[in-house]
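Peer 1: final01.cif is the file, holding mmCIF, C-alpha atoms and all ligand atoms:
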data_query
#
loop_
_atom_site.group_PDB
_atom_site.id
_atom_site.type_symbol
_atom_site.label_atom_id
_atom_site.label_comp_id
_atom_site.auth_asym_id
_atom_site.auth_seq_id
_atom_site.Cartn_x
_atom_site.Cartn_y
_atom_site.Cartn_z
ATOM 1 C CA MET A 1 4.203 -4.088 11.456
ATOM 2 C CA ALA A 2 2.678 -3.652 14.879
ATOM 3 C CA GLN A 3 1.995 -0.313 16.519
ATOM 4 C CA TYR A 4 2.385 0.219 20.250
ATOM 5 C CA THR A 5 0.405 2.748 22.277
ATOM 6 C CA ARG A 6 -0.426 3.089 25.951
ATOM 7 C CA VAL A 7 -4.126 3.585 26.706
ATOM 8 C CA ALA A 8 -6.242 4.059 29.839
ATOM 9 C CA GLY A 9 -3.062 4.760 31.841
ATOM 10 C CA SER A 10 -1.797 1.220 32.263
ATOM 11 C CA VAL A 11 -2.777 -0.862 29.225
ATOM 12 C CA GLY A 12 -0.282 -1.513 26.429
ATOM 13 C CA LEU A 13 -2.198 -1.689 23.138
ATOM 14 C CA ILE A 14 -0.552 -3.631 20.295
ATOM 15 C CA THR A 15 -2.192 -3.093 16.899
ATOM 16 C CA LEU A 16 -1.332 -5.481 14.054
ATOM 17 C CA GLN A 17 -0.893 -3.598 10.787
ATOM 18 C CA ASN A 18 -0.766 -5.517 7.514
ATOM 19 C CA PRO A 19 -3.623 -4.826 5.112
ATOM 20 C CA PRO A 20 -5.957 -6.290 4.080
ATOM 21 C CA VAL A 21 -6.310 -8.860 6.924
ATOM 22 C CA ASN A 22 -3.288 -8.180 9.202
ATOM 23 C CA ALA A 23 -1.726 -11.505 8.207
ATOM 24 C CA LEU A 24 1.297 -12.639 10.205
ATOM 25 C CA SER A 25 4.073 -11.591 7.814
ATOM 26 C CA ALA A 26 7.718 -11.481 8.967
ATOM 27 C CA MET A 27 7.287 -7.724 9.641
ATOM 28 C CA VAL A 28 4.169 -8.303 11.757
ATOM 29 C CA ARG A 29 5.817 -11.101 13.743
ATOM 30 C CA GLN A 30 8.850 -8.878 14.368
ATOM 31 C CA GLY A 31 6.477 -6.072 15.351
ATOM 32 C CA ILE A 32 4.750 -8.294 17.905
ATOM 33 C CA VAL A 33 8.099 -9.360 19.410
ATOM 34 C CA ASP A 34 9.289 -5.737 19.661
ATOM 35 C CA THR A 35 6.048 -4.312 21.079
ATOM 36 C CA MET A 36 5.671 -7.181 23.581
ATOM 37 C CA GLU A 37 9.211 -6.496 24.832
ATOM 38 C CA ARG A 38 8.412 -2.804 25.129
ATOM 39 C CA ALA A 39 5.176 -3.420 27.043
ATOM 40 C CA LEU A 40 6.706 -6.014 29.345
ATOM 41 C CA SER A 41 9.630 -3.777 30.274
ATOM 42 C CA ALA A 42 7.428 -0.722 31.016
ATOM 43 C CA PRO A 43 6.604 -0.684 34.742
ATOM 44 C CA GLU A 44 3.552 1.543 34.197
ATOM 45 C CA VAL A 45 1.997 -1.088 31.898
ATOM 46 C CA LYS A 46 0.018 -3.650 33.898
ATOM 47 C CA SER A 47 -1.843 -5.509 31.141
ATOM 48 C CA LEU A 48 -1.925 -5.718 27.335
ATOM 49 C CA VAL A 49 -4.459 -5.819 24.518
ATOM 50 C CA ILE A 50 -3.675 -7.140 21.043
ATOM 51 C CA CYS A 51 -5.957 -6.025 18.209
ATOM 52 C CA GLY A 52 -5.812 -5.571 14.445
ATOM 53 C CA GLN A 53 -6.174 -2.382 12.476
ATOM 54 C CA LYS A 54 -9.229 -1.624 10.327
ATOM 55 C CA GLU A 55 -11.647 -3.763 12.326
ATOM 56 C CA THR A 56 -10.098 -7.125 11.610
ATOM 57 C CA PHE A 57 -7.943 -9.119 13.985
ATOM 58 C CA CYS A 58 -5.842 -11.462 11.832
ATOM 59 C CA GLY A 59 -6.280 -13.759 8.826
ATOM 60 C CA GLY A 60 -3.413 -16.057 9.867
ATOM 61 C CA ALA A 61 -0.147 -16.824 8.095
ATOM 62 C CA ASP A 62 0.539 -14.410 5.243
ATOM 63 C CA ILE A 63 -0.260 -16.465 2.160
ATOM 64 C CA ARG A 64 1.855 -14.026 0.109
ATOM 65 C CA GLU A 65 4.915 -15.500 1.895
ATOM 66 C CA PHE A 66 4.026 -19.139 1.107
ATOM 67 C CA GLY A 67 6.805 -20.667 -1.017
ATOM 68 C CA THR A 68 9.320 -17.960 -0.043
ATOM 69 C CA LYS A 69 12.354 -18.320 2.236
ATOM 70 C CA MET A 70 11.395 -18.123 5.920
ATOM 71 C CA SER A 71 12.536 -14.880 7.543
ATOM 72 C CA GLY A 72 11.751 -13.049 10.750
ATOM 73 C CA PRO A 73 10.866 -14.536 14.125
ATOM 74 C CA PRO A 74 8.958 -17.840 14.028
ATOM 75 C CA LEU A 75 5.363 -17.862 15.243
ATOM 76 C CA ILE A 76 5.462 -20.680 17.815
ATOM 77 C CA PRO A 77 7.945 -19.092 20.305
ATOM 78 C CA LEU A 78 6.319 -15.717 19.776
ATOM 79 C CA ILE A 79 2.906 -17.064 20.845
ATOM 80 C CA HIS A 80 4.543 -18.977 23.684
ATOM 81 C CA ALA A 81 6.122 -15.724 24.931
ATOM 82 C CA ILE A 82 2.684 -14.082 24.967
ATOM 83 C CA GLU A 83 1.246 -17.021 26.921
ATOM 84 C CA ALA A 84 4.178 -16.872 29.369
ATOM 85 C CA SER A 85 3.759 -13.113 29.901
ATOM 86 C CA THR A 86 3.528 -12.124 33.564
ATOM 87 C CA LYS A 87 1.161 -9.326 32.518
ATOM 88 C CA PRO A 88 -2.286 -10.476 31.328
ATOM 89 C CA VAL A 89 -2.814 -10.268 27.566
ATOM 90 C CA VAL A 90 -6.287 -9.850 26.049
ATOM 91 C CA ALA A 91 -7.078 -10.416 22.346
ATOM 92 C CA ALA A 92 -9.637 -7.987 20.880
ATOM 93 C CA ILE A 93 -11.147 -9.916 17.963
ATOM 94 C CA GLU A 94 -13.009 -8.097 15.205
ATOM 95 C CA GLY A 95 -13.561 -9.279 11.627
ATOM 96 C CA VAL A 96 -11.674 -12.572 11.493
ATOM 97 C CA ALA A 97 -9.347 -14.618 13.675
ATOM 98 C CA LEU A 98 -8.367 -17.445 11.347
ATOM 99 C CA GLY A 99 -5.534 -19.964 11.306
ATOM 100 C CA GLY A 100 -2.448 -18.426 12.890
ATOM 101 C CA GLY A 101 -4.650 -15.465 13.845
ATOM 102 C CA LEU A 102 -6.762 -17.663 16.094
ATOM 103 C CA GLU A 103 -3.612 -19.430 17.303
ATOM 104 C CA LEU A 104 -2.245 -16.015 18.315
ATOM 105 C CA ALA A 105 -5.495 -15.262 20.162
ATOM 106 C CA LEU A 106 -5.354 -18.679 21.865
ATOM 107 C CA GLY A 107 -1.931 -17.754 23.268
ATOM 108 C CA CYS A 108 -3.482 -14.690 24.897
ATOM 109 C CA HIS A 109 -4.935 -15.145 28.377
ATOM 110 C CA TYR A 110 -8.396 -13.788 27.456
ATOM 111 C CA ARG A 111 -10.352 -13.228 24.233
ATOM 112 C CA ILE A 112 -13.036 -10.591 23.671
ATOM 113 C CA SER A 113 -14.907 -10.832 20.376
ATOM 114 C CA HIS A 114 -17.155 -8.561 18.383
ATOM 115 C CA SER A 115 -20.540 -10.181 17.734
ATOM 116 C CA LYS A 116 -19.935 -10.163 13.970
ATOM 117 C CA ALA A 117 -16.457 -11.770 14.113
ATOM 118 C CA LYS A 118 -15.640 -15.164 12.605
ATOM 119 C CA LEU A 119 -13.123 -17.550 14.142
ATOM 120 C CA GLY A 120 -11.630 -20.778 12.856
ATOM 121 C CA LEU A 121 -8.701 -22.980 11.961
ATOM 122 C CA PRO A 122 -9.092 -23.310 8.150
ATOM 123 C CA GLU A 123 -5.616 -24.808 7.581
ATOM 124 C CA VAL A 124 -7.129 -28.140 6.455
ATOM 125 C CA THR A 125 -8.632 -26.357 3.446
ATOM 126 C CA LEU A 126 -5.053 -25.539 2.384
ATOM 127 C CA GLY A 127 -3.884 -29.116 2.978
ATOM 128 C CA LEU A 128 -2.208 -28.103 6.257
ATOM 129 C CA LEU A 129 -2.739 -28.587 9.972
ATOM 130 C CA PRO A 130 -2.659 -25.728 12.499
ATOM 131 C CA ALA A 131 1.088 -25.186 12.764
ATOM 132 C CA ALA A 132 1.398 -22.832 15.736
ATOM 133 C CA ALA A 133 0.043 -25.054 18.520
ATOM 134 C CA GLY A 134 -3.640 -24.419 17.815
ATOM 135 C CA SER A 135 -4.010 -28.188 17.720
ATOM 136 C CA GLN A 136 -2.840 -28.217 21.363
ATOM 137 C CA ARG A 137 -4.345 -25.042 22.804
ATOM 138 C CA LEU A 138 -7.822 -25.392 21.287
ATOM 139 C CA PRO A 139 -8.503 -28.908 22.712
ATOM 140 C CA ARG A 140 -7.187 -27.763 26.090
ATOM 141 C CA LEU A 141 -9.612 -24.859 26.007
ATOM 142 C CA ILE A 142 -12.791 -26.464 24.635
ATOM 143 C CA GLY A 143 -12.181 -30.218 24.810
ATOM 144 C CA VAL A 144 -11.059 -32.718 22.182
ATOM 145 C CA PRO A 145 -14.388 -33.434 20.368
ATOM 146 C CA ALA A 146 -15.252 -29.769 19.707
ATOM 147 C CA ALA A 147 -11.661 -28.903 18.781
ATOM 148 C CA LEU A 148 -11.367 -31.882 16.411
ATOM 149 C CA ASP A 149 -14.570 -30.766 14.687
ATOM 150 C CA LEU A 150 -13.140 -27.296 14.040
ATOM 151 C CA ILE A 151 -9.674 -28.537 13.039
ATOM 152 C CA THR A 152 -10.842 -31.289 10.674
ATOM 153 C CA THR A 153 -13.619 -29.307 8.960
ATOM 154 C CA GLY A 154 -11.874 -25.912 8.938
ATOM 155 C CA ARG A 155 -15.283 -24.309 9.425
ATOM 156 C CA HIS A 156 -15.594 -20.776 10.769
ATOM 157 C CA VAL A 157 -17.655 -20.228 13.927
ATOM 158 C CA THR A 158 -19.632 -17.126 14.814
ATOM 159 C CA ALA A 159 -18.829 -15.156 17.942
ATOM 160 C CA ALA A 160 -21.980 -16.570 19.560
ATOM 161 C CA GLU A 161 -20.831 -20.162 18.944
ATOM 162 C CA ALA A 162 -17.287 -19.261 20.038
ATOM 163 C CA LEU A 163 -18.719 -17.972 23.333
ATOM 164 C CA GLN A 164 -20.854 -21.054 23.803
ATOM 165 C CA LEU A 165 -17.855 -23.340 23.075
ATOM 166 C CA GLY A 166 -15.631 -21.360 25.463
ATOM 167 C CA ILE A 167 -13.216 -20.047 22.825
ATOM 168 C CA VAL A 168 -13.956 -16.454 23.789
ATOM 169 C CA ASP A 169 -14.685 -14.944 27.196
ATOM 170 C CA GLN A 170 -16.976 -12.118 26.179
ATOM 171 C CA VAL A 171 -18.855 -10.881 23.095
ATOM 172 C CA THR A 172 -19.713 -7.257 22.460
ATOM 173 C CA ASP A 173 -21.829 -5.362 19.912
ATOM 174 C CA HIS A 174 -19.832 -2.205 20.596
ATOM 175 C CA SER A 175 -16.119 -1.300 20.358
ATOM 176 C CA THR A 176 -14.165 -4.508 20.883
ATOM 177 C CA VAL A 177 -10.983 -2.641 21.725
ATOM 178 C CA ASP A 178 -12.797 -0.568 24.365
ATOM 179 C CA ALA A 179 -14.303 -3.753 25.862
ATOM 180 C CA ALA A 180 -10.892 -5.470 25.803
ATOM 181 C CA VAL A 181 -9.167 -2.492 27.452
ATOM 182 C CA LYS A 182 -11.847 -2.443 30.170
ATOM 183 C CA PHE A 183 -11.360 -6.200 30.630
ATOM 184 C CA ALA A 184 -7.555 -5.780 30.699
ATOM 185 C CA LEU A 185 -7.889 -3.125 33.437
ATOM 186 C CA SER A 186 -10.093 -5.486 35.470
ATOM 187 C CA VAL A 187 -7.597 -8.391 35.392
ATOM 188 C CA ALA A 188 -4.372 -6.375 35.855
HETATM 189 C C1 LIG B 201 0.517 -21.001 11.169
HETATM 190 C C2 LIG B 201 -0.904 -21.332 10.787
HETATM 191 O O1 LIG B 201 -1.321 -22.515 11.429
HETATM 192 C C3 LIG B 201 -1.118 -21.452 9.346
HETATM 193 C C4 LIG B 201 -0.302 -22.385 8.553
HETATM 194 C C5 LIG B 201 -2.019 -20.512 8.722
HETATM 195 O O2 LIG B 201 -2.409 -19.535 9.350
HETATM 196 S S1 LIG B 201 -2.523 -20.836 7.122
HETATM 197 C C6 LIG B 201 -3.514 -19.430 6.680
HETATM 198 C C7 LIG B 201 -4.863 -19.529 7.332
HETATM 199 N N1 LIG B 201 -5.681 -18.430 6.889
HETATM 200 C C8 LIG B 201 -6.555 -18.598 5.883
HETATM 201 O O3 LIG B 201 -6.644 -19.641 5.262
HETATM 202 C C9 LIG B 201 -7.420 -17.393 5.610
HETATM 203 C C10 LIG B 201 -7.649 -17.295 4.126
HETATM 204 N N2 LIG B 201 -8.511 -16.180 3.837
HETATM 205 C C11 LIG B 201 -9.862 -16.234 3.887
HETATM 206 O O4 LIG B 201 -10.475 -17.214 4.317
HETATM 207 C C12 LIG B 201 -10.603 -15.043 3.412
HETATM 208 O O5 LIG B 201 -9.771 -14.301 2.538
HETATM 209 C C13 LIG B 201 -11.123 -14.101 4.520
HETATM 210 C C14 LIG B 201 -9.995 -13.645 5.488
HETATM 211 C C15 LIG B 201 -12.227 -14.848 5.300
HETATM 212 C C16 LIG B 201 -11.740 -12.846 3.865
HETATM 213 O O6 LIG B 201 -12.673 -13.267 2.872
HETATM 214 P P1 LIG B 201 -13.401 -12.205 1.945
HETATM 215 O O7 LIG B 201 -14.331 -13.003 1.074
HETATM 216 O O8 LIG B 201 -13.991 -11.117 2.799
HETATM 217 O O9 LIG B 201 -12.274 -11.517 1.049
HETATM 218 P P2 LIG B 201 -11.151 -12.174 0.116
HETATM 219 O O10 LIG B 201 -11.341 -11.588 -1.248
HETATM 220 O O11 LIG B 201 -11.072 -13.675 0.210
HETATM 221 O O12 LIG B 201 -9.830 -11.599 0.794
HETATM 222 C C17 LIG B 201 -9.616 -10.188 0.878
HETATM 223 C C18 LIG B 201 -8.154 -9.914 0.636
HETATM 224 O O13 LIG B 201 -7.419 -10.446 1.740
HETATM 225 C C19 LIG B 201 -6.347 -11.234 1.248
HETATM 226 N N3 LIG B 201 -6.071 -12.293 2.246
HETATM 227 C C20 LIG B 201 -6.962 -13.076 2.858
HETATM 228 N N4 LIG B 201 -6.346 -13.924 3.713
HETATM 229 C C21 LIG B 201 -5.028 -13.647 3.626
HETATM 230 C C22 LIG B 201 -3.856 -14.174 4.251
HETATM 231 N N5 LIG B 201 -3.922 -15.168 5.161
HETATM 232 N N6 LIG B 201 -2.666 -13.623 3.928
HETATM 233 C C23 LIG B 201 -2.575 -12.623 3.032
HETATM 234 N N7 LIG B 201 -3.645 -12.080 2.388
HETATM 235 C C24 LIG B 201 -4.842 -12.596 2.686
HETATM 236 C C25 LIG B 201 -6.899 -11.805 -0.052
HETATM 237 O O14 LIG B 201 -5.849 -12.271 -0.893
HETATM 238 C C26 LIG B 201 -7.587 -10.576 -0.608
HETATM 239 O O15 LIG B 201 -6.581 -9.712 -1.135
HETATM 240 P P3 LIG B 201 -6.850 -8.770 -2.383
HETATM 241 O O16 LIG B 201 -7.288 -9.688 -3.493
HETATM 242 O O17 LIG B 201 -7.954 -7.826 -1.933
HETATM 243 O O18 LIG B 201 -5.531 -8.098 -2.604
#
Any chance you could give the structure as structure tokens?
Ligand SMILES: C[C@H](O)[C@H](C)C(=O)SCCNC(=O)CCNC(=O)[C@H](O)C(C)(C)COP(=O)([O-])OP(=O)([O-])OC[C@H]1O[C@@H](n2cnc3c(N)ncnc32)[C@H](O)[C@@H]1OP(=O)([O-])[O-]
Peer 2:
Amino acid sequence: MAQYTRVAGSVGLITLQNPPVNALSAMVRQGIVDTMERALSAPEVKSLVICGQKETFCGGADIREFGTKMSGPPLIPLIHAIEASTKPVVAAIEGVALGGGLELALGCHYRISHSKAKLGLPEVTLGLLPAAAGSQRLPRLIGVPAALDLITTGRHVTAAEALQLGIVDQVTDHSTVDAAVKFALSVA
């Protein structure tokens, strides 16, 4: 699921809800599609923030759905629709942004991270490659050598390293959602 609220007057806040790590289940993907549509069609909403409930952004594809029949909207067009949004979209990253979770954040126009967050593309550790265009968006963002390192090792980076590499735009020790909403207001 994904919850939609309007905050600070003009920011649409989309909160991913799928304990324990807000993995991208069919319900969450459908929730993102529905809440994006709602935010994009609301004239009073000028920018968006995507976050995860319970202080974690997203652990990627829902491993509980591996080996089951695919249902719900696929991830690639969903992330593409976020990237193509005419209203700026900011990812508020707490806890983890891993695999499809980081790929979702890479489709957003800006990324704000909590200082204790971990980011990475660990697909290789499952015998997979990033399957939702992370292998395209990450090299575009930080260059081929740094992206290849992350994709082929699957290692997690700290928020400080993510900032230094250029994966995130800002790191905060305080409320990531508050910082992302402030950022979203500034770029609307
Ligand atoms: C399209 C895209 O390209 C593709 C193809 C993909 O995205 S492929 C998928 C990529 N994502 C991953 O590989 C992330 C795998 N997870 C982890 O690395 C870790 O879990 C963690 C996030 C760093 C947390 O570690 P932790 O030590 O704090 O606790 P935990 O005990 O391990 O985990 C805590 C609880 O979370 C559950 N969990 C963790 N990740 C999950 C996931 N992706 N889906 C569903 N549940 C997950 C886990 O089963 C456990 O549940 P329960 O036992 O409590 O019921």
Peer 1: So which residues are near ligand LIG 201 (chain B), meaning at most 8 Å away with only C-alpha atoms and all ligand atoms counted, given back as a count of residues only?
Peer 2: 32
Peer 1: Find the distance between CA of Thr152 (chain A) and CA of Leu106 (chain A) and write it in Å to one decimal.
Peer 2: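 That distance, rounded to one decimal, is 17.7 Å.
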Peer 1: Which residues of region 47-104 of chain A come within 12 Å of region 36-41 of chain A, and for each one, what is the closest pair of atoms and their distance in Å to one decimal, counting only C-alpha atoms, sorted by chain and residue number, as a Markdown table?
Peer 2:
| residue | atom | partner | partner_atom | distance |
| --- | --- | --- | --- | --- |
| A:Ser47 | CA | A:Ala39 | CA | 8.4 |
| A:Leu48 | CA | A:Ala39 | CA | 7.5 |
| A:Val49 | CA | A:Ala39 | CA | 10.2 |
| A:Ile50 | CA | A:Met36 | CA | 9.7 |
| A:Leu78 | CA | A:Met36 | CA | 9.4 |
| A:Ile79 | CA | A:Met36 | CA | 10.6 |
| A:His80 | CA | A:Met36 | CA | 11.9 |
| A:Ala81 | CA | A:Met36 | CA | 8.7 |
| A:Ile82 | CA | A:Met36 | CA | 7.6 |
| A:Glu83 | CA | A:Met36 | CA | 11.3 |
| A:Ala84 | CA | A:Leu40 | CA | 11.1 |
| A:Ser85 | CA | A:Leu40 | CA | 7.7 |
| A:Thr86 | CA | A:Leu40 | CA | 8.1 |
| A:Lys87 | CA | A:Leu40 | CA | 7.2 |
| A:Pro88 | CA | A:Leu40 | CA | 10.2 |
| A:Val89 | CA | A:Met36 | CA | 9.9 |
Peer 1: What does the distance from CA of Gly12 (chain A) to CA of Glu94 (chain A) come to in Å, to one decimal?
Peer 2: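 The value is 18.2 Å.
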Peer 1: As an exercise, work out the distance from CA of Val171 (chain A) to CA of Ser113 (chain A) in Å and give it to one decimal place.
Peer 2: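 Those two atoms sit 4.8 Å apart.
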Peer 1: With all atoms listed in the file as the counted atoms, please give the residues lying no more than 8 Å from region 159-168 of chain A, apart from itself and same-chain residues fewer than 6 positions off, as a list in words.
Peer 2: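 So, after excluding close chain neighbours, the residues are Tyr110, Arg111, Ile112, Ser113, His114, Ser115, Lys116, Ala117, Lys118, Leu119, Leu138, Leu141, Ile142 and Ala146 of chain A.
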Peer 1: Limited to C-alpha atoms, could you put the picked residues into a file as a PDB file, in the coordinates of the input?
Peer 2:
ATOM      1  CA  TYR A 110      -8.396 -13.788  27.456  1.00  0.00           C
ATOM      2  CA  ARG A 111     -10.352 -13.228  24.233  1.00  0.00           C
ATOM      3  CA  ILE A 112     -13.036 -10.591  23.671  1.00  0.00           C
ATOM      4  CA  SER A 113     -14.907 -10.832  20.376  1.00  0.00           C
ATOM      5  CA  HIS A 114     -17.155  -8.561  18.383  1.00  0.00           C
ATOM      6  CA  SER A 115     -20.540 -10.181  17.734  1.00  0.00           C
ATOM      7  CA  LYS A 116     -19.935 -10.163  13.970  1.00  0.00           C
ATOM      8  CA  ALA A 117     -16.457 -11.770  14.113  1.00  0.00           C
ATOM      9  CA  LYS A 118     -15.640 -15.164  12.605  1.00  0.00           C
ATOM     10  CA  LEU A 119     -13.123 -17.550  14.142  1.00  0.00           C
ATOM     11  CA  LEU A 138      -7.822 -25.392  21.287  1.00  0.00           C
ATOM     12  CA  LEU A 141      -9.612 -24.859  26.007  1.00  0.00           C
ATOM     13  CA  ILE A 142     -12.791 -26.464  24.635  1.00  0.00           C
ATOM     14  CA  ALA A 146     -15.252 -29.769  19.707  1.00  0.00           C
TER      15      ALA A 146
END
Peer 1: Extending 8 Å beyond the listed atoms of region 61-78 of chain A on each side, what axis-aligned box results? I want centre and edge lengths in Å to one decimal, as JSON.
Peer 2:
{"center_x": 6.1, "center_y": -16.9, "center_z": 9.6, "size_x": 28.8, "size_y": 23.6, "size_z": 37.3}
Peer 1: I'd like to know which of A:Ala105, A:Ile32, A:Val90, A:Ala180 is closest to Thr15 (chain A), using only C-alpha atoms.
Peer 2: A:Ile32
Peer 1: Would you mind telling me which residue in A:Ala92, A:Met70, A:Val7, A:Ala26 lies nearest to Thr176 (chain A) when using only C-alpha atoms?
Peer 2: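 Residue with the minimum atom-to-atom distance to Thr176 (chain A): A:Ala92.
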Peer 1: Rebuild N, CA, C and O atoms on region 125-143 of chain A, as a JSON list (two decimals), in the coordinates of the input?
Peer 2:
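To be explicit, this is the file written out as result39.json:
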[["chain", "number", "residue", "atom", "x", "y", "z"],
["A", 125, "THR", "N", -8.18, -26.70, 4.81],
["A", 125, "THR", "CA", -8.63, -26.36, 3.45],
["A", 125, "THR", "C", -7.44, -26.01, 2.54],
["A", 125, "THR", "O", -7.60, -25.93, 1.33],
["A", 126, "LEU", "N", -6.28, -25.79, 3.15],
["A", 126, "LEU", "CA", -5.05, -25.54, 2.38],
["A", 126, "LEU", "C", -4.16, -26.78, 2.37],
["A", 126, "LEU", "O", -3.01, -26.73, 1.92],
["A", 127, "GLY", "N", -4.68, -27.89, 2.90],
["A", 127, "GLY", "CA", -3.88, -29.12, 2.98],
["A", 127, "GLY", "C", -2.88, -29.10, 4.10],
["A", 127, "GLY", "O", -1.88, -29.82, 4.08],
["A", 128, "LEU", "N", -3.13, -28.24, 5.11],
["A", 128, "LEU", "CA", -2.21, -28.10, 6.26],
["A", 128, "LEU", "C", -2.94, -28.43, 7.56],
["A", 128, "LEU", "O", -4.16, -28.56, 7.58],
["A", 129, "LEU", "N", -2.16, -28.53, 8.63],
["A", 129, "LEU", "CA", -2.74, -28.59, 9.97],
["A", 129, "LEU", "C", -2.33, -27.32, 10.71],
["A", 129, "LEU", "O", -1.32, -26.70, 10.34],
["A", 130, "PRO", "N", -3.08, -26.91, 11.73],
["A", 130, "PRO", "CA", -2.66, -25.73, 12.50],
["A", 130, "PRO", "C", -1.21, -25.91, 12.97],
["A", 130, "PRO", "O", -0.90, -26.89, 13.64],
["A", 131, "ALA", "N", -0.35, -24.96, 12.60],
["A", 131, "ALA", "CA", 1.09, -25.19, 12.76],
["A", 131, "ALA", "C", 1.68, -24.39, 13.92],
["A", 131, "ALA", "O", 2.88, -24.43, 14.14],
["A", 132, "ALA", "N", 0.86, -23.64, 14.63],
["A", 132, "ALA", "CA", 1.40, -22.83, 15.74],
["A", 132, "ALA", "C", 0.68, -23.18, 17.05],
["A", 132, "ALA", "O", 0.25, -22.31, 17.80],
["A", 133, "ALA", "N", 0.56, -24.50, 17.26],
["A", 133, "ALA", "CA", 0.04, -25.05, 18.52],
["A", 133, "ALA", "C", -1.45, -24.85, 18.75],
["A", 133, "ALA", "O", -1.95, -25.12, 19.83],
["A", 134, "GLY", "N", -2.18, -24.47, 17.69],
["A", 134, "GLY", "CA", -3.64, -24.42, 17.82],
["A", 134, "GLY", "C", -4.22, -25.80, 18.06],
["A", 134, "GLY", "O", -5.24, -25.95, 18.74],
["A", 135, "SER", "N", -3.53, -26.81, 17.52],
["A", 135, "SER", "CA", -4.01, -28.19, 17.72],
["A", 135, "SER", "C", -3.80, -28.65, 19.16],
["A", 135, "SER", "O", -4.34, -29.68, 19.56],
["A", 136, "GLN", "N", -3.02, -27.91, 19.93],
["A", 136, "GLN", "CA", -2.84, -28.22, 21.36],
["A", 136, "GLN", "C", -3.71, -27.30, 22.23],
["A", 136, "GLN", "O", -4.39, -27.75, 23.14],
["A", 137, "ARG", "N", -3.65, -26.00, 21.92],
["A", 137, "ARG", "CA", -4.34, -25.04, 22.80],
["A", 137, "ARG", "C", -5.87, -25.12, 22.66],
["A", 137, "ARG", "O", -6.58, -24.96, 23.64],
["A", 138, "LEU", "N", -6.37, -25.36, 21.44],
["A", 138, "LEU", "CA", -7.82, -25.39, 21.29],
["A", 138, "LEU", "C", -8.45, -26.57, 22.05],
["A", 138, "LEU", "O", -9.41, -26.36, 22.80],
["A", 139, "PRO", "N", -7.93, -27.82, 21.92],
["A", 139, "PRO", "CA", -8.50, -28.91, 22.71],
["A", 139, "PRO", "C", -8.41, -28.67, 24.22],
["A", 139, "PRO", "O", -9.32, -29.01, 24.96],
["A", 140, "ARG", "N", -7.31, -28.05, 24.65],
["A", 140, "ARG", "CA", -7.19, -27.76, 26.09],
["A", 140, "ARG", "C", -8.28, -26.81, 26.54],
["A", 140, "ARG", "O", -8.79, -26.90, 27.65],
["A", 141, "LEU", "N", -8.64, -25.89, 25.65],
["A", 141, "LEU", "CA", -9.61, -24.86, 26.01],
["A", 141, "LEU", "C", -11.04, -25.37, 25.93],
["A", 141, "LEU", "O", -11.86, -25.08, 26.81],
["A", 142, "ILE", "N", -11.37, -26.13, 24.86],
["A", 142, "ILE", "CA", -12.79, -26.46, 24.64],
["A", 142, "ILE", "C", -13.04, -27.97, 24.59],
["A", 142, "ILE", "O", -14.16, -28.39, 24.30],
["A", 143, "GLY", "N", -12.00, -28.77, 24.84],
["A", 143, "GLY", "CA", -12.18, -30.22, 24.81],
["A", 143, "GLY", "C", -11.87, -30.79, 23.43],
["A", 143, "GLY", "O", -11.96, -30.09, 22.42]]
